[in-house]
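Novice: Next up, protein14.csv (CSV, C-alpha atoms).
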chain,number,residue,atom,x,y,z
A,1288,MET,CA,-41.4,197.7,-144.8
A,1289,ASP,CA,-38.3,199.2,-146.5
A,1290,THR,CA,-36.1,201.0,-144.1
A,1291,ALA,CA,-35.4,204.7,-144.7
A,1292,ILE,CA,-32.8,206.4,-142.6
A,1293,VAL,CA,-33.5,210.1,-142.1
A,1294,ILE,CA,-30.4,212.1,-141.0
A,1295,GLY,CA,-31.4,215.1,-139.0
A,1296,GLY,CA,-34.3,215.5,-136.6
A,1297,GLY,CA,-35.3,219.1,-137.3
A,1298,GLN,CA,-38.4,220.3,-139.1
A,1299,CYS,CA,-37.3,218.6,-142.4
A,1300,GLY,CA,-36.4,215.3,-140.9
A,1301,LEU,CA,-39.6,215.1,-138.8
A,1302,GLY,CA,-41.9,216.0,-141.7
A,1303,THR,CA,-40.2,213.7,-144.1
A,1304,ALA,CA,-40.4,210.8,-141.6
A,1305,PHE,CA,-44.1,211.3,-141.3
A,1306,THR,CA,-44.5,211.3,-145.1
A,1307,LEU,CA,-42.2,208.3,-145.6
A,1308,ARG,CA,-44.3,206.3,-143.0
A,1309,ASN,CA,-47.5,207.1,-144.9
A,1310,HIS,CA,-45.9,205.7,-148.1
A,1311,GLY,CA,-44.9,202.4,-146.7
A,1312,PHE,CA,-41.4,203.0,-145.4
A,1313,ARG,CA,-40.0,202.3,-141.9
A,1314,PRO,CA,-38.2,205.6,-141.1
A,1315,VAL,CA,-35.5,205.9,-138.5
A,1316,ILE,CA,-34.4,209.4,-137.6
A,1317,LEU,CA,-30.8,210.0,-136.5
A,1318,GLU,CA,-30.4,213.3,-134.7
A,1319,ALA,CA,-27.1,214.6,-133.4
A,1320,GLY,CA,-28.6,216.8,-130.8
A,1321,ALA,CA,-30.3,216.0,-127.5
A,1322,ASP,CA,-33.8,216.7,-128.8
A,1323,ALA,CA,-35.5,216.4,-132.1
A,1324,VAL,CA,-36.2,220.1,-132.6
A,1325,GLY,CA,-33.4,221.0,-135.1
A,1326,SER,CA,-31.5,224.3,-134.9
A,1327,TRP,CA,-34.4,226.4,-133.6
A,1328,PRO,CA,-33.3,226.7,-130.0
A,1329,HIS,CA,-30.0,228.2,-131.2
A,1330,TYR,CA,-31.5,231.0,-133.3
A,1331,TYR,CA,-31.5,234.6,-131.9
A,1332,ASP,CA,-34.0,235.4,-129.3
A,1333,SER,CA,-36.3,237.7,-131.2
A,1334,LEU,CA,-36.7,235.6,-134.3
A,1335,VAL,CA,-40.2,235.6,-135.8
A,1336,VAL,CA,-41.3,233.2,-138.6
A,1337,PHE,CA,-42.1,235.0,-141.8
A,1338,THR,CA,-45.2,232.9,-142.4
A,1339,PRO,CA,-48.4,232.8,-140.3
A,1340,VAL,CA,-49.6,229.7,-138.5
A,1341,ARG,CA,-51.7,228.6,-141.4
A,1342,LEU,CA,-48.6,228.2,-143.5
A,1343,SER,CA,-46.2,226.9,-140.8
A,1344,SER,CA,-47.6,223.4,-140.3
A,1345,LEU,CA,-45.7,220.1,-140.9
A,1346,PRO,CA,-47.6,217.2,-142.5
A,1347,GLY,CA,-50.2,215.7,-140.3
A,1348,MET,CA,-50.3,218.2,-137.4
A,1349,PRO,CA,-51.6,221.8,-137.6
A,1350,PHE,CA,-49.5,224.5,-135.9
A,1351,PRO,CA,-51.5,225.7,-132.9
A,1352,GLY,CA,-52.8,229.2,-132.6
A,1353,LYS,CA,-54.8,231.7,-134.7
A,1354,PRO,CA,-54.2,231.2,-138.4
A,1355,SER,CA,-53.0,234.8,-138.8
A,1356,HIS,CA,-50.5,234.6,-135.9
A,1357,PHE,CA,-46.8,234.7,-136.8
A,1358,PRO,CA,-45.0,232.3,-134.5
A,1359,VAL,CA,-41.8,233.2,-132.6
A,1360,ARG,CA,-38.8,231.0,-132.1
A,1361,ASP,CA,-39.9,229.3,-128.8
A,1362,GLU,CA,-43.3,228.5,-130.2
A,1363,VAL,CA,-41.7,226.6,-133.1
A,1364,VAL,CA,-39.4,224.7,-130.7
A,1365,ALA,CA,-42.5,223.6,-128.6
A,1366,TYR,CA,-44.3,222.6,-131.8
A,1367,LEU,CA,-41.5,220.5,-133.1
A,1368,GLY,CA,-41.0,218.8,-129.7
A,1369,ASP,CA,-44.7,217.9,-129.7
A,1370,TYR,CA,-44.6,216.8,-133.3
A,1371,ALA,CA,-41.6,214.5,-132.6
A,1372,SER,CA,-43.4,213.0,-129.5
A,1373,ARG,CA,-46.4,212.0,-131.7
A,1374,LEU,CA,-44.4,210.5,-134.6
A,1375,ASP,CA,-44.8,206.8,-135.1
A,1376,CYS,CA,-41.2,206.0,-135.8
A,1377,GLU,CA,-37.9,205.4,-134.2
A,1378,ILE,CA,-35.9,208.6,-133.2
A,1379,ARG,CA,-32.4,208.3,-132.0
A,1380,THR,CA,-31.1,211.5,-130.5
A,1381,GLY,CA,-27.4,212.1,-129.6
A,1382,THR,CA,-26.5,210.1,-132.7
A,1383,ARG,CA,-24.2,211.9,-135.1
A,1384,VAL,CA,-23.6,210.4,-138.5
A,1385,ALA,CA,-19.9,210.0,-139.6
A,1386,SER,CA,-20.4,208.6,-143.1
A,1387,VAL,CA,-22.7,207.1,-145.7
A,1388,VAL,CA,-21.6,204.6,-148.3
A,1389,ALA,CA,-23.4,202.4,-150.8
A,1390,ASP,CA,-23.4,198.7,-150.9
A,1391,ARG,CA,-25.2,196.0,-152.8
A,1392,ASP,CA,-28.2,196.2,-150.5
A,1393,GLY,CA,-28.6,200.0,-150.6
A,1394,TYR,CA,-26.8,202.2,-148.1
A,1395,VAL,CA,-24.7,201.7,-144.9
A,1396,VAL,CA,-24.8,204.6,-142.5
A,1397,THR,CA,-22.1,204.7,-139.9
A,1398,THR,CA,-22.4,206.8,-136.7
A,1399,GLU,CA,-19.6,208.4,-134.8
A,1400,SER,CA,-19.9,205.7,-132.2
A,1401,GLY,CA,-19.1,203.1,-134.9
A,1402,GLU,CA,-22.6,201.7,-135.2
A,1403,GLN,CA,-23.7,200.7,-138.7
A,1404,LEU,CA,-27.3,200.8,-140.0
A,1405,HIS,CA,-28.5,199.5,-143.3
A,1406,ALA,CA,-31.3,201.1,-145.4
A,1407,ALA,CA,-32.9,201.0,-148.8
A,1408,VAL,CA,-33.0,204.8,-148.9
A,1409,VAL,CA,-31.3,207.7,-147.1
A,1410,VAL,CA,-32.7,211.2,-146.7
A,1411,ALA,CA,-30.2,213.9,-145.7
A,1412,ALA,CA,-32.1,216.4,-143.7
A,1413,THR,CA,-29.4,218.1,-141.7
A,1414,GLY,CA,-30.0,221.6,-143.0
A,1415,ASN,CA,-27.4,224.4,-142.9
A,1416,PHE,CA,-27.2,225.8,-139.4
A,1417,GLY,CA,-24.4,223.5,-138.3
A,1418,ASN,CA,-22.2,224.9,-141.1
A,1419,PRO,CA,-22.0,228.8,-140.8
A,1420,HIS,CA,-20.4,230.4,-143.9
A,1421,ARG,CA,-17.5,232.5,-142.8
A,1422,PRO,CA,-16.1,234.0,-146.1
A,1423,ASP,CA,-12.7,235.4,-146.4
A,1424,VAL,CA,-13.2,239.1,-145.9
A,1425,PRO,CA,-10.0,240.8,-147.1
A,1426,GLY,CA,-10.7,244.0,-145.2
A,1427,LEU,CA,-11.0,242.1,-142.0
A,1428,ALA,CA,-7.4,240.8,-141.9
A,1429,GLY,CA,-5.7,242.3,-139.0
A,1430,TYR,CA,-8.8,243.2,-137.1
A,1431,ALA,CA,-8.4,242.6,-133.3
A,1432,GLY,CA,-11.9,243.2,-132.1
A,1433,LYS,CA,-14.7,240.7,-131.6
A,1434,VAL,CA,-15.9,238.8,-134.7
A,1435,LEU,CA,-18.9,236.5,-134.5
A,1436,HIS,CA,-21.2,234.8,-137.0
A,1437,SER,CA,-24.9,235.5,-136.8
A,1438,ALA,CA,-25.3,231.9,-135.7
A,1439,GLU,CA,-23.6,233.0,-132.4
A,1440,TYR,CA,-25.8,236.1,-132.0
A,1441,ARG,CA,-28.6,235.9,-129.4
A,1442,SER,CA,-29.7,239.4,-128.3
A,1443,PRO,CA,-28.6,243.0,-128.5
A,1444,GLU,CA,-28.1,243.7,-124.8
A,1445,PRO,CA,-24.4,242.6,-124.6
A,1446,PHE,CA,-23.6,245.2,-127.3
A,1447,ALA,CA,-25.2,248.2,-125.6
A,1448,GLY,CA,-23.3,251.4,-126.2
A,1449,GLN,CA,-20.8,249.8,-128.6
A,1450,ARG,CA,-19.8,250.4,-132.2
A,1451,VAL,CA,-21.0,247.4,-134.3
A,1452,VAL,CA,-20.7,246.5,-138.0
A,1453,VAL,CA,-22.9,243.9,-139.4
A,1454,VAL,CA,-21.7,242.3,-142.7
A,1455,GLY,CA,-24.4,241.2,-145.1
A,1456,ALA,CA,-27.5,242.4,-147.0
A,1457,ALA,CA,-30.1,239.7,-146.6
A,1458,ASN,CA,-32.8,239.1,-144.1
A,1459,SER,CA,-30.8,238.1,-141.1
A,1460,ALA,CA,-28.2,240.9,-141.6
A,1461,VAL,CA,-30.9,243.6,-141.7
A,1462,GLN,CA,-33.0,242.1,-138.9
A,1463,ILE,CA,-30.0,241.9,-136.5
A,1464,ALA,CA,-28.7,245.3,-137.5
A,1465,HIS,CA,-32.1,246.9,-137.0
A,1466,GLU,CA,-32.5,245.2,-133.5
A,1467,LEU,CA,-29.0,246.2,-132.5
A,1468,SER,CA,-29.5,249.8,-133.6
A,1469,ALA,CA,-31.7,250.5,-130.5
A,1470,HIS,CA,-28.8,249.6,-128.3
A,1471,ALA,CA,-25.6,250.4,-130.2
A,1472,ARG,CA,-24.3,252.5,-133.2
A,1473,VAL,CA,-24.6,250.1,-136.1
A,1474,THR,CA,-23.5,250.0,-139.7
A,1475,LEU,CA,-24.6,247.5,-142.4
A,1476,ALA,CA,-21.6,246.8,-144.6
A,1477,SER,CA,-22.2,245.0,-147.9
A,1478,ARG,CA,-20.8,244.7,-151.4
A,1479,LYS,CA,-24.2,245.2,-153.0
A,1480,PRO,CA,-27.1,247.5,-152.1
A,1481,ILE,CA,-29.9,246.0,-150.0
A,1482,ARG,CA,-32.9,244.8,-152.0
A,1483,TYR,CA,-36.2,245.0,-150.3
A,1484,SER,CA,-39.3,242.8,-151.2
A,1485,ARG,CA,-42.7,244.5,-150.9
A,1486,THR,CA,-46.2,243.8,-152.2
A,1487,PRO,CA,-48.8,246.3,-153.3
A,1488,PHE,CA,-50.4,245.6,-149.9
A,1489,SER,CA,-49.2,246.3,-146.4
A,1490,GLY,CA,-48.4,244.0,-143.5
A,1491,LYS,CA,-47.3,240.4,-143.1
A,1492,GLU,CA,-50.6,239.0,-144.3
A,1493,ALA,CA,-49.9,240.3,-147.8
A,1494,TYR,CA,-46.6,238.4,-147.7
A,1495,ALA,CA,-48.4,235.3,-146.6
A,1496,LYS,CA,-50.6,235.4,-149.7
A,1497,VAL,CA,-47.5,235.6,-151.8
A,1498,VAL,CA,-46.0,232.7,-149.9
A,1499,GLU,CA,-49.2,230.6,-150.4
A,1500,ALA,CA,-48.8,230.8,-154.1
A,1501,ALA,CA,-45.0,230.8,-154.4
A,1502,PHE,CA,-44.3,227.6,-152.4
A,1503,ARG,CA,-46.0,225.5,-155.1
A,1504,LEU,CA,-43.8,226.7,-158.0
A,1505,PRO,CA,-41.0,224.2,-158.7
A,1506,VAL,CA,-38.5,226.9,-159.8
A,1507,GLY,CA,-35.5,225.6,-157.8
A,1508,GLY,CA,-33.4,224.8,-160.9
A,1509,LEU,CA,-33.6,228.4,-162.0
A,1510,LEU,CA,-32.6,230.0,-158.7
A,1511,THR,CA,-29.1,231.4,-157.9
A,1512,GLU,CA,-27.6,232.4,-154.5
A,1513,SER,CA,-28.5,236.0,-155.2
A,1514,SER,CA,-32.2,235.0,-155.5
A,1515,PHE,CA,-32.3,234.8,-151.7
A,1516,ALA,CA,-30.4,238.0,-151.0
A,1517,VAL,CA,-33.7,239.9,-150.5
A,1518,VAL,CA,-35.1,241.5,-147.4
A,1519,ILE,CA,-38.8,240.8,-146.7
A,1520,ASP,CA,-40.1,244.2,-145.7
A,1521,ASN,CA,-43.8,244.5,-146.5
A,1522,ASP,CA,-44.5,247.4,-144.2
A,1523,GLY,CA,-41.3,249.3,-145.1
A,1524,THR,CA,-39.9,249.3,-141.5
A,1525,TYR,CA,-36.4,248.1,-142.4
A,1526,GLN,CA,-36.0,250.3,-145.4
A,1527,ALA,CA,-37.2,253.4,-143.5
A,1528,ALA,CA,-34.8,252.6,-140.6
A,1529,VAL,CA,-31.8,252.2,-142.9
A,1530,GLU,CA,-32.6,255.4,-144.8
A,1531,ALA,CA,-32.8,257.2,-141.5
A,1532,GLY,CA,-29.3,255.9,-140.6
A,1533,LYS,CA,-30.4,253.5,-137.8
A,1534,PRO,CA,-28.6,251.4,-138.9
A,1535,ASP,CA,-26.7,253.1,-141.7
A,1536,ARG,CA,-25.6,251.2,-144.8
A,1537,ARG,CA,-22.1,251.5,-146.3
A,1538,GLU,CA,-19.9,249.9,-148.9
A,1539,MET,CA,-17.6,247.2,-147.4
A,1540,PHE,CA,-14.7,248.4,-145.3
A,1541,THR,CA,-11.3,248.0,-147.0
A,1542,ALA,CA,-8.8,247.3,-144.3
A,1543,ALA,CA,-8.4,246.8,-140.5
A,1544,ASP,CA,-5.7,247.8,-138.0
A,1545,GLY,CA,-6.2,246.6,-134.4
A,1546,THR,CA,-9.7,247.6,-133.6
A,1547,GLU,CA,-10.0,250.2,-136.3
A,1548,LEU,CA,-11.7,249.6,-139.7
A,1549,ARG,CA,-11.0,251.8,-142.7
A,1550,TRP,CA,-13.8,252.7,-145.1
A,1551,PRO,CA,-13.6,253.3,-148.8
A,1552,ASP,CA,-13.7,257.1,-148.3
A,1553,GLY,CA,-10.5,256.9,-146.2
A,1554,ARG,CA,-12.2,257.3,-142.8
A,1555,ARG,CA,-10.9,255.2,-139.9
A,1556,GLU,CA,-12.9,254.4,-136.8
A,1557,HIS,CA,-12.8,252.1,-133.8
A,1558,VAL,CA,-15.3,249.2,-134.0
A,1559,ASP,CA,-16.0,247.0,-131.0
A,1560,ALA,CA,-17.6,244.0,-132.9
A,1561,VAL,CA,-18.2,242.7,-136.4
A,1562,VAL,CA,-21.2,240.3,-137.0
A,1563,LEU,CA,-20.9,238.2,-140.1
A,1564,ALA,CA,-24.5,237.6,-141.3
A,1565,THR,CA,-23.1,235.7,-144.2
A,1566,GLY,CA,-25.4,232.7,-144.3
A,1567,TYR,CA,-24.8,229.0,-144.2
A,1568,ARG,CA,-23.7,226.1,-146.4
A,1569,PRO,CA,-25.3,222.6,-146.4
A,1570,ALA,CA,-23.9,220.5,-143.5
A,1571,LEU,CA,-23.3,217.3,-145.5
A,1572,GLU,CA,-19.7,216.2,-145.0
A,1573,TYR,CA,-20.9,212.7,-144.0
A,1574,LEU,CA,-21.8,212.2,-147.7
A,1575,ARG,CA,-18.2,213.0,-148.9
A,1576,PRO,CA,-17.2,209.2,-148.8
A,1577,LEU,CA,-20.2,208.5,-151.1
A,1578,GLY,CA,-19.1,211.0,-153.7
A,1579,ALA,CA,-22.5,212.7,-153.5
A,1580,LEU,CA,-21.1,216.2,-153.2
A,1581,ASP,CA,-19.3,218.5,-155.6
A,1582,ARG,CA,-16.0,220.1,-154.9
A,1583,ARG,CA,-17.7,223.0,-153.1
A,1584,GLY,CA,-19.4,220.6,-150.7
A,1585,LEU,CA,-22.8,221.1,-152.4
A,1586,PRO,CA,-25.0,218.0,-153.2
A,1587,ARG,CA,-25.4,216.8,-156.7
A,1588,GLN,CA,-29.2,216.9,-156.8
A,1589,ARG,CA,-32.2,218.0,-158.7
A,1590,HIS,CA,-35.4,218.9,-156.7
A,1591,GLY,CA,-34.0,217.0,-153.7
A,1592,LEU,CA,-33.1,213.7,-155.5
A,1593,SER,CA,-29.5,212.8,-156.0
A,1594,THR,CA,-28.5,212.8,-159.7
A,1595,ILE,CA,-25.9,210.1,-159.2
A,1596,HIS,CA,-27.1,207.9,-156.4
A,1597,PRO,CA,-30.6,206.4,-156.7
A,1598,GLY,CA,-32.3,206.1,-153.3
A,1599,LEU,CA,-30.5,209.2,-151.9
A,1600,ALA,CA,-32.5,212.3,-151.3
A,1601,PHE,CA,-32.2,215.7,-149.6
A,1602,MET,CA,-34.5,218.0,-147.7
A,1603,GLY,CA,-34.3,221.6,-146.5
A,1604,LEU,CA,-31.8,222.9,-149.1
A,1605,GLU,CA,-32.3,226.5,-150.0
A,1606,GLY,CA,-34.0,226.6,-153.4
A,1607,GLN,CA,-34.2,222.8,-153.5
A,1608,ARG,CA,-37.4,222.8,-155.4
A,1609,THR,CA,-39.2,226.1,-154.6
A,1610,LEU,CA,-38.2,229.5,-153.2
A,1611,LEU,CA,-39.3,228.3,-149.8
A,1612,SER,CA,-37.9,224.8,-149.6
A,1613,ALA,CA,-35.7,225.7,-146.6
A,1614,GLY,CA,-38.7,226.9,-144.5
A,1615,LEU,CA,-41.4,225.2,-142.4
A,1616,HIS,CA,-43.9,225.8,-145.2
A,1617,GLY,CA,-41.8,224.0,-147.7
A,1618,VAL,CA,-41.4,220.7,-145.8
A,1619,GLY,CA,-44.7,219.1,-146.7
A,1620,PRO,CA,-44.7,219.6,-150.5
A,1621,ASP,CA,-41.0,218.7,-150.8
A,1622,ALA,CA,-41.3,215.6,-148.6
A,1623,THR,CA,-44.2,214.4,-150.7
A,1624,TYR,CA,-42.3,215.0,-153.9
A,1625,ILE,CA,-39.2,213.0,-152.9
A,1626,THR,CA,-41.1,210.3,-151.1
A,1627,ARG,CA,-43.3,209.4,-154.1
A,1628,ARG,CA,-40.2,209.2,-156.3
A,1629,LEU,CA,-38.3,207.1,-153.8
A,1630,ARG,CA,-41.2,204.8,-153.5
A,1631,ARG,CA,-41.4,204.6,-157.3
A,1632,TRP,CA,-37.7,203.8,-157.5
A,1633,ILE,CA,-38.0,201.0,-154.9
A,1634,ALA,CA,-40.9,199.5,-156.8
A,1635,THR,CA,-38.8,199.2,-159.9
A,1636,THR,CA,-35.6,197.7,-158.3
A,1637,GLU,CA,-34.7,194.1,-157.8
A,1638,PRO,CA,-36.9,192.9,-155.0
A,1639,ALA,CA,-34.5,190.3,-153.4
A,1640,TRP,CA,-32.3,192.8,-151.6
A,1641,ARG,CA,-35.4,194.8,-150.5
A,1642,ARG,CA,-36.7,191.7,-148.8
A,1643,ARG,CA,-33.4,191.3,-147.0
A,1644,LEU,CA,-33.5,194.9,-145.8
A,1645,ALA,CA,-37.1,194.5,-144.6
A,1646,ALA,CA,-36.5,191.3,-142.7
Any chance you could give the structure as structure tokens?

Specialist:
Amino acid sequence: MDTAIVIGGGQCGLGTAFTLRNHGFRPVILEAGADAVGSWPHYYDSLVVFTPVRLSSLPGMPFPGKPSHFPVRDEVVAYLGDYASRLDCEIRTGTRVASVVADRDGYVVTTESGEQLHAAVVVAATGNFGNPHRPDVPGLAGYAGKVLHSAEYRSPEPFAGQRVVVVGAANSAVQIAHELSAHARVTLASRKPIRYSRTPFSGKEAYAKVVEAAFRLPVGGLLTESSFAVVIDNDGTYQAAVEAGKPDRREMFTAADGTELRWPDGRREHVDAVVLATGYRPALEYLRPLGALDRRGLPRQRHGLSTIHPGLAFMGLEGQRTLLSAGLHGVGPDATYITRRLRRWIATTEPAWRRRLAA
């Protein structure tokens, strides 16, 4: 069997390993954390998956529960842990990758402990959560209050009675601001108005029907960053809350002085905390020595396959191949797509080095 090293033991790494195994590879998962469950334990407490059970399964193992049930964070953690325990492949936890380089036999993966592993193919499935995006917000210079990224947010109780500003206009920003507004006085600050996504029907089931069709469309090459700055709000709860001022939405603040922020209309007010719900960037620095990233740190890829390094693939990138590539529901189709092409590439390469790797 040809060895395939999968970097990252979250949903994408696990689902890809299963698919690789079924296509004749010997996958080895390298996971930096203590458990192969990805970033899910670190998400905020109230997180609910936007797809029902019937659309939240990884390859080869149904997600437990009623098909119409929408899983919460801890249910996903339990599912991924169970999935990992049933995988017929090697999983090395507590193993962080330092670099990946190419050699005449494929790839050499070096861990932070100095161990080197050789493989015919490498799949980077480390996701984004480990690399929160903290943009330079000019109006925040000089602010002396608490600033945290949404990756650090867990629950609203610590902010009870405070004045909080949430920066952002996508799903996480609106969800966190809406939850906080029951405990604190909250403003959503963004450069652009919030865009809400609704169907002609009501409820999450309607969204699930849209998802069921959308995840099959390979439109990744047409997507831009703004394509994902949409709030899923099929029953109108978030939009109604924002229009009622709980939370209210404003243009970005323009300056800060101590714990005061200044708004475009000249008003100044004390703010206890600012939450940056500004998203993430791919956590792929270990590929820098390979030259697989552009100057922004983004992978040079198309539909999950490196455009400059045959045998290198990616999983879990936002908009990688479909609108939903970064979600649970996108793992199966994307894993199948990249695995079939990796297998086809292996079949057309010089077999001598493949025999050495498999030995």

Novice: Applying 12 Å and all atoms listed in the file, which residues near A:Leu1435 remain after dropping the ones on its own chain fewer than 6 positions away? List them as a list in words.

Specialist: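 That gives Pro1419, His1420, Arg1421, Arg1441, Val1451, Val1452, Val1453, Val1454, Asp1559, Ala1560, Val1561, Val1562, Leu1563, Ala1564 and Thr1565 of chain A.
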
Novice: Restricting the calculation to only C-alpha atoms: of A:Val1359, A:Leu1615, A:Val1473, A:Ile1625, which residue gets closest to A:Gly1532?

Specialist: A:Val1473

Novice: How far is it from atom CA of A:Gly1553 to atom CA of A:His1465, in Å with one decimal?

Specialist: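 Those two atoms sit 25.5 Å apart.
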
Novice: For the atom pair atom CA of A:Gly1417 and atom CA of A:Gly1614, what is the interatomic distance in Å to one decimal place?

Specialist: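 Interatomic distance here is 16.0 Å.
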
Novice: Would you kindly return, as a list of chain:residue names, each protein, DNA or RNA residue with an atom no farther than 12 Å from any atom of A:Glu1547, considering only C-alpha atoms and excluding same-chain residues fewer than 5 positions away?

Specialist: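 Everything that qualifies: A:Gly1426, A:Leu1427, A:Ala1428, A:Gly1429, A:Tyr1430, A:Ala1431, A:Gly1432, A:Lys1433, A:Arg1450, A:Val1451, A:Val1452, A:Phe1540, A:Thr1541, A:Ala1542, A:Gly1553, A:Arg1554, A:Arg1555, A:Glu1556, A:His1557, A:Val1558, A:Asp1559, A:Ala1560, A:Val1561.
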
Novice: Which distance in Å separates atom CA of A:Val1340 and atom CA of A:Asp1369, to one decimal?

Specialist: 15.5 Å

Novice: Pick the closest to A:His1616 from A:Ala1321, A:Val1408, A:Gly1603, A:Ser1437: which is it, counting all atoms listed in the file?

Specialist: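 Closest residue, counting all atoms listed in the file: A:Gly1603.
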
Novice: Of the residues A:Ser1326, A:Pro1358, A:Ser1612, A:Ala1622, which is the one nearest to A:Arg1341, using all atoms listed in the file?

Specialist: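 Checking each candidate against A:Arg1341, we get A:Pro1358 as the closest.
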
Novice: Identify which of the residues A:Glu1572, A:Asp1361, A:Asp1535, A:Glu1605 lies closest to A:Ala1385, counting only C-alpha atoms when measuring atom-to-atom distances.

Specialist: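 Checking each of A:Glu1572, A:Asp1361, A:Asp1535, A:Glu1605 against A:Ala1385, counting only C-alpha atoms, the winner is A:Glu1572.
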
Novice: Counting all atoms listed in the file, figure out which residue out of A:Asp1621, A:Asp1375, A:Glu1530, A:Asp1581 gets nearest to A:Leu1475.

Specialist: A:Glu1530

Novice: Produce the centre coordinates and the three edge lengths, each in Å to one decimal, of the box along x, y and z that contains all listed atoms of stretch 1608-1619 of chain A with 8 Å added on each side, as lines of an AutoDock Vina configuration file.

Specialist:
center_x = -40.2
center_y = 224.3
center_z = -148.9
size_x = 25.0
size_y = 26.4
size_z = 29.0

Novice: Ranking A:Ile1294, A:Met1288, A:Val1324, A:Ile1316 by minimum distance to A:Ala1365 and counting all atoms listed in the file, which one comes first?

Specialist: A:Val1324
